[in-house]
$ cat final-v8.tsv   # TSV, C-alpha atoms and all ligand atoms
chain	number	residue	atom	x	y	z
B	1	MET	CA	44.33	-55.88	55.53
B	2	GLY	CA	45.96	-52.80	57.08
B	3	CYS	CA	45.71	-49.13	56.20
B	4	GLU	CA	48.37	-47.37	54.13
B	5	LEU	CA	46.92	-43.87	54.01
B	6	CYS	CA	49.45	-42.39	56.41
B	7	PRO	CA	52.91	-43.39	57.64
B	8	ARG	CA	51.51	-45.11	60.71
B	9	HIS	CA	50.60	-48.07	58.47
B	10	CYS	CA	48.15	-49.43	61.03
B	11	PRO	CA	47.79	-53.19	60.78
B	12	ALA	CA	44.13	-52.90	61.80
B	13	ASP	CA	41.40	-53.90	59.36
B	14	ARG	CA	39.30	-50.74	59.57
B	15	SER	CA	36.13	-52.56	58.59
B	16	LYS	CA	36.44	-54.29	61.98
B	17	GLY	CA	37.61	-51.33	64.05
B	18	PRO	CA	39.47	-48.02	64.05
B	19	GLY	CA	43.18	-47.44	63.57
B	20	PHE	CA	45.40	-45.01	65.51
B	21	CYS	CA	43.36	-42.11	64.10
B	22	GLY	CA	40.16	-43.38	65.67
B	23	ALA	CA	38.50	-43.77	62.26
B	24	SER	CA	36.84	-46.91	61.04
B	25	ASP	CA	36.18	-47.42	57.32
B	26	ARG	CA	32.98	-45.33	57.59
B	27	MET	CA	33.28	-41.56	57.26
B	28	LYS	CA	32.45	-39.70	60.43
B	29	VAL	CA	31.81	-35.96	60.38
B	30	ALA	CA	31.74	-33.72	63.46
B	31	ARG	CA	30.66	-30.47	61.93
B	32	ILE	CA	29.64	-29.01	58.60
B	33	GLY	CA	29.16	-25.32	58.08
B	34	ILE	CA	30.41	-22.03	56.74
B	35	HIS	CA	33.81	-21.25	58.30
B	36	ARG	CA	35.18	-17.70	58.10
B	37	TYR	CA	38.55	-18.05	59.82
B	38	GLU	CA	40.71	-19.41	57.01
B	39	GLU	CA	43.20	-17.16	55.21
B	40	PRO	CA	41.53	-14.31	53.23
B	41	CYS	CA	42.19	-15.96	49.85
B	42	LEU	CA	40.26	-19.00	51.13
B	43	ALA	CA	37.59	-17.44	53.32
B	44	GLY	CA	36.60	-14.92	50.64
B	45	GLU	CA	33.22	-13.28	51.11
B	46	GLY	CA	31.15	-16.39	51.31
B	47	GLY	CA	33.44	-18.25	53.70
B	48	SER	CA	34.72	-21.77	53.33
B	49	GLY	CA	32.28	-24.64	53.20
B	50	ALA	CA	34.03	-26.63	55.92
B	51	VAL	CA	33.66	-30.30	56.69
B	52	PHE	CA	35.40	-31.22	59.96
B	53	PHE	CA	36.05	-34.94	59.98
B	54	SER	CA	36.14	-36.89	63.21
B	55	GLY	CA	39.40	-38.61	64.15
B	56	CYS	CA	43.00	-37.58	63.50
B	57	ASN	CA	46.15	-39.44	62.55
B	58	LEU	CA	48.50	-36.95	64.27
B	59	ARG	CA	46.81	-36.19	67.60
B	60	CYS	CA	49.02	-33.32	68.75
B	61	VAL	CA	48.94	-32.73	72.51
B	62	PHE	CA	48.22	-29.01	71.94
B	63	CYS	CA	45.37	-29.47	69.44
B	64	GLN	CA	42.59	-26.88	69.65
B	65	ASN	CA	40.10	-29.38	68.27
B	66	LYS	CA	41.05	-32.10	70.76
B	67	VAL	CA	37.49	-33.17	71.13
B	68	LEU	CA	37.67	-34.51	67.58
B	69	GLN	CA	40.91	-36.44	67.89
B	70	THR	CA	39.54	-39.71	69.15
B	71	GLY	CA	37.01	-40.15	66.37
B	72	LYS	CA	34.18	-40.69	68.86
B	73	MET	CA	32.24	-37.51	68.12
B	74	GLY	CA	30.03	-36.98	65.10
B	75	GLN	CA	27.78	-38.84	62.74
B	76	PHE	CA	28.51	-41.39	60.07
B	77	PHE	CA	28.11	-40.15	56.51
B	78	SER	CA	27.85	-42.20	53.36
B	79	PRO	CA	29.49	-40.74	50.21
B	80	GLU	CA	25.97	-39.91	48.94
B	81	GLU	CA	25.17	-37.97	52.13
B	82	LEU	CA	28.46	-36.11	51.99
B	83	ALA	CA	27.88	-35.25	48.33
B	84	ASP	CA	24.49	-33.76	49.27
B	85	ALA	CA	26.12	-31.73	52.05
B	86	LEU	CA	28.77	-30.36	49.68
B	87	LEU	CA	26.09	-29.26	47.25
B	88	GLU	CA	24.20	-27.59	50.08
B	89	LEU	CA	27.33	-25.65	51.08
B	90	GLN	CA	27.66	-24.50	47.47
B	91	GLN	CA	24.03	-23.38	47.45
B	92	LEU	CA	24.65	-21.39	50.62
B	93	GLY	CA	27.33	-19.34	48.88
B	94	ALA	CA	30.54	-20.95	50.14
B	95	ASP	CA	33.63	-19.98	48.16
B	96	ASN	CA	35.14	-23.45	48.34
B	97	ILE	CA	34.88	-26.85	49.97
B	98	ASP	CA	37.30	-27.12	52.91
B	99	LEU	CA	37.99	-30.72	53.94
B	100	VAL	CA	39.54	-30.59	57.42
B	101	THR	CA	41.66	-33.51	58.73
B	102	PRO	CA	40.57	-35.62	55.77
B	103	THR	CA	43.33	-38.24	55.47
B	104	PRO	CA	41.60	-41.17	57.23
B	105	HIS	CA	38.59	-40.74	54.92
B	106	VAL	CA	40.17	-40.41	51.47
B	107	ALA	CA	38.16	-43.18	49.80
B	108	GLY	CA	34.79	-41.78	50.93
B	109	ILE	CA	35.81	-38.23	50.06
B	110	CYS	CA	36.77	-39.15	46.49
B	111	ALA	CA	33.48	-41.00	46.03
B	112	ALA	CA	31.54	-38.03	47.45
B	113	ILE	CA	33.33	-35.51	45.21
B	114	ASP	CA	32.61	-37.69	42.16
B	115	LYS	CA	28.92	-37.80	43.03
B	116	ALA	CA	28.70	-34.09	43.90
B	117	ARG	CA	30.49	-33.00	40.72
B	118	ALA	CA	28.14	-35.14	38.66
B	119	GLN	CA	25.32	-33.10	40.22
B	120	GLY	CA	26.90	-29.68	39.64
B	121	LEU	CA	29.53	-29.07	42.32
B	122	HIS	CA	32.00	-26.61	40.80
B	123	LEU	CA	33.72	-25.06	43.84
B	124	PRO	CA	37.47	-25.52	44.39
B	125	THR	CA	38.22	-28.24	46.94
B	126	ILE	CA	40.76	-27.78	49.76
B	127	TYR	CA	42.73	-30.56	51.42
B	128	ASN	CA	43.34	-29.08	54.90
B	129	THR	CA	45.85	-31.42	56.51
B	130	ASN	CA	48.52	-31.97	59.15
B	131	ALA	CA	50.73	-33.10	56.22
B	132	TYR	CA	51.33	-36.53	57.77
B	133	LEU	CA	50.29	-38.64	54.82
B	134	THR	CA	52.06	-40.75	52.25
B	135	THR	CA	52.88	-39.56	48.75
B	136	ASP	CA	50.73	-42.42	47.41
B	137	THR	CA	47.74	-40.93	49.23
B	138	VAL	CA	48.47	-37.49	47.75
B	139	ARG	CA	48.69	-39.02	44.24
B	140	ARG	CA	45.40	-40.80	44.79
B	141	LEU	CA	43.78	-37.39	45.32
B	142	GLU	CA	44.95	-35.96	41.99
B	143	GLY	CA	41.92	-34.67	40.10
B	144	TYR	CA	39.86	-34.40	43.28
B	145	ILE	CA	41.72	-31.63	45.09
B	146	ASP	CA	42.42	-28.12	43.78
B	147	LEU	CA	44.01	-26.46	46.80
B	148	TRP	CA	46.39	-28.04	49.29
B	149	LEU	CA	46.68	-26.60	52.79
B	150	PRO	CA	49.39	-28.61	54.58
B	151	ASP	CA	50.40	-27.48	58.09
B	152	ILE	CA	54.09	-28.27	58.61
B	153	LYS	CA	54.28	-28.81	62.35
B	154	TYR	CA	57.89	-29.69	63.20
B	155	ARG	CA	61.35	-30.10	61.80
B	156	ASP	CA	62.98	-31.25	65.03
B	157	GLN	CA	62.04	-34.92	65.43
B	158	ARG	CA	62.27	-34.53	69.23
B	159	LEU	CA	59.23	-32.23	69.04
B	160	ALA	CA	57.38	-34.62	66.70
B	161	ASP	CA	58.05	-37.45	69.16
B	162	ALA	CA	57.08	-35.44	72.23
B	163	PHE	CA	53.95	-33.75	70.90
B	164	SER	CA	52.58	-36.14	68.27
B	165	LYS	CA	54.46	-39.44	68.57
B	166	ALA	CA	54.97	-39.19	64.82
B	167	PRO	CA	58.02	-41.02	63.46
B	168	ASN	CA	59.89	-39.28	60.61
B	169	TYR	CA	57.43	-36.37	60.66
B	170	TYR	CA	59.35	-33.66	58.78
B	171	GLU	CA	60.59	-35.76	55.88
B	172	THR	CA	57.16	-37.36	55.47
B	173	ALA	CA	55.43	-33.97	55.45
B	174	MET	CA	57.89	-32.38	53.04
B	175	ALA	CA	57.63	-35.34	50.64
B	176	ALA	CA	53.84	-34.99	50.75
B	177	VAL	CA	54.08	-31.26	50.01
B	178	GLU	CA	56.44	-31.99	47.14
B	179	ALA	CA	53.86	-34.34	45.65
B	180	MET	CA	51.19	-31.62	46.11
B	181	MET	CA	53.44	-29.11	44.34
B	182	ASP	CA	53.99	-31.59	41.50
B	183	ILE	CA	50.25	-31.93	41.04
B	184	SER	CA	49.09	-28.33	41.49
B	185	GLY	CA	52.11	-26.00	41.66
B	186	GLN	CA	52.45	-22.80	43.63
B	187	LEU	CA	49.32	-21.03	44.83
B	188	GLN	CA	47.32	-19.26	42.13
B	189	ILE	CA	45.02	-16.44	43.22
B	190	ASN	CA	42.55	-14.89	40.78
B	191	GLU	CA	41.80	-11.20	40.25
B	192	ALA	CA	39.10	-11.30	42.87
B	193	GLY	CA	41.69	-12.44	45.43
B	194	ARG	CA	40.43	-16.04	45.68
B	195	ALA	CA	42.75	-19.02	45.64
B	196	GLN	CA	41.92	-21.34	42.76
B	197	ARG	CA	44.69	-23.92	42.67
B	198	GLY	CA	48.03	-24.77	44.24
B	199	VAL	CA	49.67	-25.09	47.65
B	200	LEU	CA	49.52	-22.78	50.65
B	201	ILE	CA	51.82	-23.99	53.46
B	202	ARG	CA	50.80	-23.26	57.02
B	203	HIS	CA	52.93	-23.34	60.12
B	204	LEU	CA	51.68	-22.87	63.67
B	205	VAL	CA	54.41	-21.06	65.61
B	206	LEU	CA	54.89	-22.74	68.99
B	207	PRO	CA	56.11	-20.99	72.16
B	208	ASN	CA	59.74	-21.66	73.11
B	209	CYS	CA	60.29	-23.35	69.73
B	210	ILE	CA	61.26	-20.48	67.42
B	211	TYR	CA	64.43	-22.32	66.45
B	212	ASP	CA	62.21	-24.96	64.86
B	213	THR	CA	60.08	-22.38	63.01
B	214	ARG	CA	63.30	-20.97	61.53
B	215	ALA	CA	64.47	-24.42	60.50
B	216	ILE	CA	61.12	-25.15	58.81
B	217	LEU	CA	61.22	-21.86	56.90
B	218	ASP	CA	64.80	-22.61	55.80
B	219	GLY	CA	63.64	-26.02	54.58
B	220	ILE	CA	60.69	-24.61	52.63
B	221	ARG	CA	62.90	-22.07	50.92
B	222	GLU	CA	65.48	-24.68	49.99
B	223	ARG	CA	62.98	-27.19	48.65
B	224	PHE	CA	60.20	-25.05	47.17
B	225	SER	CA	61.64	-21.52	46.74
B	226	THR	CA	60.51	-18.18	48.11
B	227	ASP	CA	57.59	-18.13	45.63
B	228	THR	CA	55.80	-20.36	48.12
B	229	CYS	CA	52.76	-18.81	49.76
B	230	LEU	CA	52.95	-19.17	53.55
B	231	SER	CA	50.64	-18.70	56.48
B	232	LEU	CA	52.39	-18.14	59.80
B	233	MET	CA	49.80	-18.92	62.41
B	234	ARG	CA	49.87	-17.22	65.78
B	235	GLN	CA	46.79	-18.83	67.30
B	236	PHE	CA	48.51	-21.30	69.63
B	237	THR	CA	46.50	-21.47	72.83
B	238	PRO	CA	47.85	-23.46	75.79
B	239	GLN	CA	45.75	-26.31	77.09
B	240	PRO	CA	44.70	-26.00	80.75
B	241	ASP	CA	47.09	-28.86	81.59
B	242	GLY	CA	49.80	-27.68	79.16
B	243	GLN	CA	53.37	-28.53	80.19
B	244	PHE	CA	56.57	-26.66	79.32
B	245	PRO	CA	57.32	-25.60	76.60
B	246	LEU	CA	53.63	-25.42	75.64
B	247	ASN	CA	52.35	-23.90	78.87
B	248	ARG	CA	51.98	-20.31	77.70
B	249	ARG	CA	50.93	-18.22	74.75
B	250	LEU	CA	53.34	-17.05	72.13
B	251	THR	CA	54.94	-13.69	72.96
B	252	HIS	CA	54.82	-10.73	70.55
B	253	ARG	CA	58.59	-10.96	70.35
B	254	GLU	CA	58.53	-14.62	69.34
B	255	TYR	CA	55.92	-14.11	66.64
B	256	ASN	CA	57.58	-10.97	65.28
B	257	ASN	CA	60.86	-12.85	65.23
B	258	ALA	CA	59.26	-15.57	63.09
B	259	VAL	CA	57.73	-13.02	60.71
B	260	ASP	CA	61.01	-11.07	60.36
B	261	TYR	CA	62.92	-14.26	59.70
B	262	CYS	CA	60.44	-15.25	57.02
B	263	ILE	CA	60.63	-11.86	55.27
B	264	ASN	CA	64.43	-11.78	55.51
B	265	LEU	CA	64.57	-15.15	53.78
B	266	GLY	CA	62.81	-13.51	50.83
B	267	PHE	CA	59.26	-14.88	51.08
B	268	GLU	CA	56.85	-12.31	49.69
B	269	ARG	CA	53.48	-14.02	50.01
B	270	VAL	CA	53.01	-14.50	53.73
B	271	TYR	CA	49.78	-14.39	55.73
B	272	ILE	CA	50.26	-13.26	59.31
B	273	GLN	CA	47.76	-13.16	62.17
B	274	LYS	CA	46.87	-10.56	64.75
B	275	ALA	CA	47.49	-11.32	68.41
B	276	ALA	CA	43.73	-11.53	68.94
B	277	SER	CA	43.72	-14.83	67.06
B	278	ALA	CA	45.30	-16.61	70.05
B	279	THR	CA	42.00	-17.30	71.74
B	280	PHE	CA	39.59	-20.17	71.75
B	281	ALA	CA	37.26	-17.97	69.69
B	282	TYR	CA	39.09	-19.36	66.66
B	283	THR	CA	38.13	-22.85	67.70
B	284	PRO	CA	34.76	-23.93	66.35
B	285	GLU	CA	32.39	-25.38	68.88
B	286	PHE	CA	31.37	-28.97	68.52
B	287	GLY	CA	28.20	-30.42	69.90
B	288	ASP	CA	27.48	-34.11	70.15
B	289	TYR	CA	26.17	-34.14	66.62
B	290	VAL	CA	26.83	-32.63	63.29
B	291	THR	CA	25.75	-29.02	63.28
B	292	VAL	CA	25.09	-27.45	59.94
B	293	GLN	CA	25.57	-23.75	60.64
B	294	LEU	CA	23.46	-22.11	58.01
B	301	LIG	S1	44.90	-43.12	58.40
B	301	LIG	FE1	44.42	-43.92	60.46
B	301	LIG	S2	44.15	-46.14	60.22
B	301	LIG	FE2	45.19	-45.34	58.36
B	301	LIG	S3	47.36	-45.65	58.77
B	301	LIG	FE3	46.87	-43.55	59.38
B	301	LIG	S4	46.37	-43.66	61.58
B	301	LIG	FE4	46.32	-45.75	60.76
$ encode --input "final-v8.tsv" --output "structure tokens"
Amino acid sequence: MGCELCPRHCPADRSKGPGFCGASDRMKVARIGIHRYEEPCLAGEGGSGAVFFSGCNLRCVFCQNKVLQTGKMGQFFSPEELADALLELQQLGADNIDLVTPTPHVAGICAAIDKARAQGLHLPTIYNTNAYLTTDTVRRLEGYIDLWLPDIKYRDQRLADAFSKAPNYYETAMAAVEAMMDISGQLQINEAGRAQRGVLIRHLVLPNCIYDTRAILDGIRERFSTDTCLSLMRQFTPQPDGQFPLNRRLTHREYNNAVDYCINLGFERVYIQKAASATFAYTPEFGDYVTVQL
């Protein structure tokens, strides 16, 4: 039986071997720890309790976590072991549970959340995703996820083909976000400034591709309104072997252009990043094994 979690619809039986994402039917985790680089409403004071899963169903050529894409790095976790880790993150003072690149592991994640909640987990859960998943998968997560953090990568299918080999990327991602909005609505932030529920849409601005950033922002406004909370990410860092148009950092002019366009469209809740974020310092280090940074 194949896998239907994302639009790749791999025919592979994952109990016998991995699909395109590199994930078998056993959860593999590359890193667990407190992560302080998410948006302020997510990082809070305690930081996010982040679980970086191994493997990825999008595999962008410019990924800053490339070492995780193949699914080879990390350790296998049972749902019971993941539940224990989530409870440990809560004990350490994390403000939330941040599930990073979770789509290939939805079944194990739901089982782990069930077990952890039964033992006292009360933190909001974040689904931190490349947005390339089916609406059925989003619906399956209803009741398990409080905060959705989809990163809309491209509107121009030529970019999706060139950088991620992802058929029908934009429409798939927007349909997934629509399902997330149906479940949780726009982002709700409490008086202490912490996100509790809803959707925060990210977009990583790419060099030489501002036209696509503008088109994505137009699309978000049309489909979800200017009430949508956005995070315009500036942290693109070229790979050593990066080819045009991804062979340089973003210029100040490009990023400011994206921010101005966003504000002129009427968005009022927009996270922006300083230029200093475009370094590998924002990329967590990964050893051969899970590292619990406590
Ligand atoms: S989650 Fe992985 S195995 Fe499943 S369809 Fe997507 S790429 Fe294929």
$ closest_atom_pairs --input "final-v8.tsv" --of "chain B" --to "ligand LIG 301 (chain B)" --cutoff "10 Å" --atoms "all atoms listed in the file" --output "CSV"
residue,atom,partner,partner_atom,distance
B:Gly2,CA,B:LIG301,S3,7.5
B:Cys3,CA,B:LIG301,FE2,4.4
B:Glu4,CA,B:LIG301,S3,5.1
B:Leu5,CA,B:LIG301,S1,4.9
B:Cys6,CA,B:LIG301,FE3,4.1
B:Pro7,CA,B:LIG301,S3,6.1
B:Arg8,CA,B:LIG301,S3,4.6
B:His9,CA,B:LIG301,S3,4.1
B:Cys10,CA,B:LIG301,FE4,4.1
B:Pro11,CA,B:LIG301,FE4,7.6
B:Ala12,CA,B:LIG301,S2,6.9
B:Asp13,CA,B:LIG301,S2,8.3
B:Arg14,CA,B:LIG301,S2,6.7
B:Gly17,CA,B:LIG301,S2,9.2
B:Pro18,CA,B:LIG301,S2,6.3
B:Gly19,CA,B:LIG301,S2,3.7
B:Phe20,CA,B:LIG301,S4,4.3
B:Cys21,CA,B:LIG301,FE1,4.2
B:Gly22,CA,B:LIG301,FE1,6.8
B:Ala23,CA,B:LIG301,FE1,6.2
B:Ser24,CA,B:LIG301,S2,7.4
B:Asp25,CA,B:LIG301,S2,8.6
B:Gly55,CA,B:LIG301,FE1,8.2
B:Cys56,CA,B:LIG301,FE1,7.2
B:Asn57,CA,B:LIG301,S4,4.3
B:Leu58,CA,B:LIG301,S4,7.5
B:Arg59,CA,B:LIG301,S4,9.6
B:Pro102,CA,B:LIG301,S1,9.1
B:Thr103,CA,B:LIG301,S1,5.9
B:Pro104,CA,B:LIG301,S1,4.0
B:His105,CA,B:LIG301,S1,7.6
B:Val106,CA,B:LIG301,S1,8.8
B:Tyr132,CA,B:LIG301,FE3,8.5
B:Leu133,CA,B:LIG301,FE3,7.5
B:Thr134,CA,B:LIG301,FE3,9.3
B:Thr137,CA,B:LIG301,S1,9.8
$ residues_around --input "final-v8.tsv" --residues "Trp148 of chain B" --least-positions-apart "5" --cutoff "10 Å" --atoms "only C-alpha atoms" --output "ChimeraX atom specification"
/B:98-99,125-129,131,138,177,180-181,183-187,197-201
$ atom_distance --input "final-v8.tsv" --atom1 "atom CA of Ser15 of chain B" --atom2 "atom CA of Thr172 of chain B"
26.1 Å
$ atom_distance --input "final-v8.tsv" --atom1 "atom CA of Leu147 of chain B" --atom2 "atom CA of Glu80 of chain B"
22.6 Å
$ closest_atom_pairs --input "final-v8.tsv" --of "segment 136-248 of chain B" --to "segment 30-38 of chain B" --cutoff "12 Å" --atoms "only C-alpha atoms" --output "JSON lines"
{"residue": "B:Leu149", "atom": "CA", "partner": "B:Glu38", "partner_atom": "CA", "distance": 10.3}
{"residue": "B:Arg194", "atom": "CA", "partner": "B:Glu38", "partner_atom": "CA", "distance": 11.8}
{"residue": "B:Ala195", "atom": "CA", "partner": "B:Glu38", "partner_atom": "CA", "distance": 11.6}
{"residue": "B:Leu200", "atom": "CA", "partner": "B:Glu38", "partner_atom": "CA", "distance": 11.4}
{"residue": "B:Arg202", "atom": "CA", "partner": "B:Glu38", "partner_atom": "CA", "distance": 10.8}
{"residue": "B:Ser231", "atom": "CA", "partner": "B:Glu38", "partner_atom": "CA", "distance": 10.0}
{"residue": "B:Met233", "atom": "CA", "partner": "B:Glu38", "partner_atom": "CA", "distance": 10.6}
{"residue": "B:Gln235", "atom": "CA", "partner": "B:Tyr37", "partner_atom": "CA", "distance": 11.2}
$ atom_distance --input "final-v8.tsv" --atom1 "atom CA of Arg155 of chain B" --atom2 "atom CA of Pro238 of chain B"
20.5 Å
$ residues_around --input "final-v8.tsv" --residues "His203 of chain B" --least-positions-apart "2" --cutoff "12 Å" --atoms "only C-alpha atoms" --output "PyMOL selection string"
chain B and resi 129-131+149-155+173+200-201+205-206+210+212-217+220+229-236+255+258-259+262+270-273
$ closest_residue --input "final-v8.tsv" --among "B:Val29, B:Ile263, B:Leu92, B:Ile109" --to "Gln69 of chain B" --atoms "only C-alpha atoms"
B:Val29
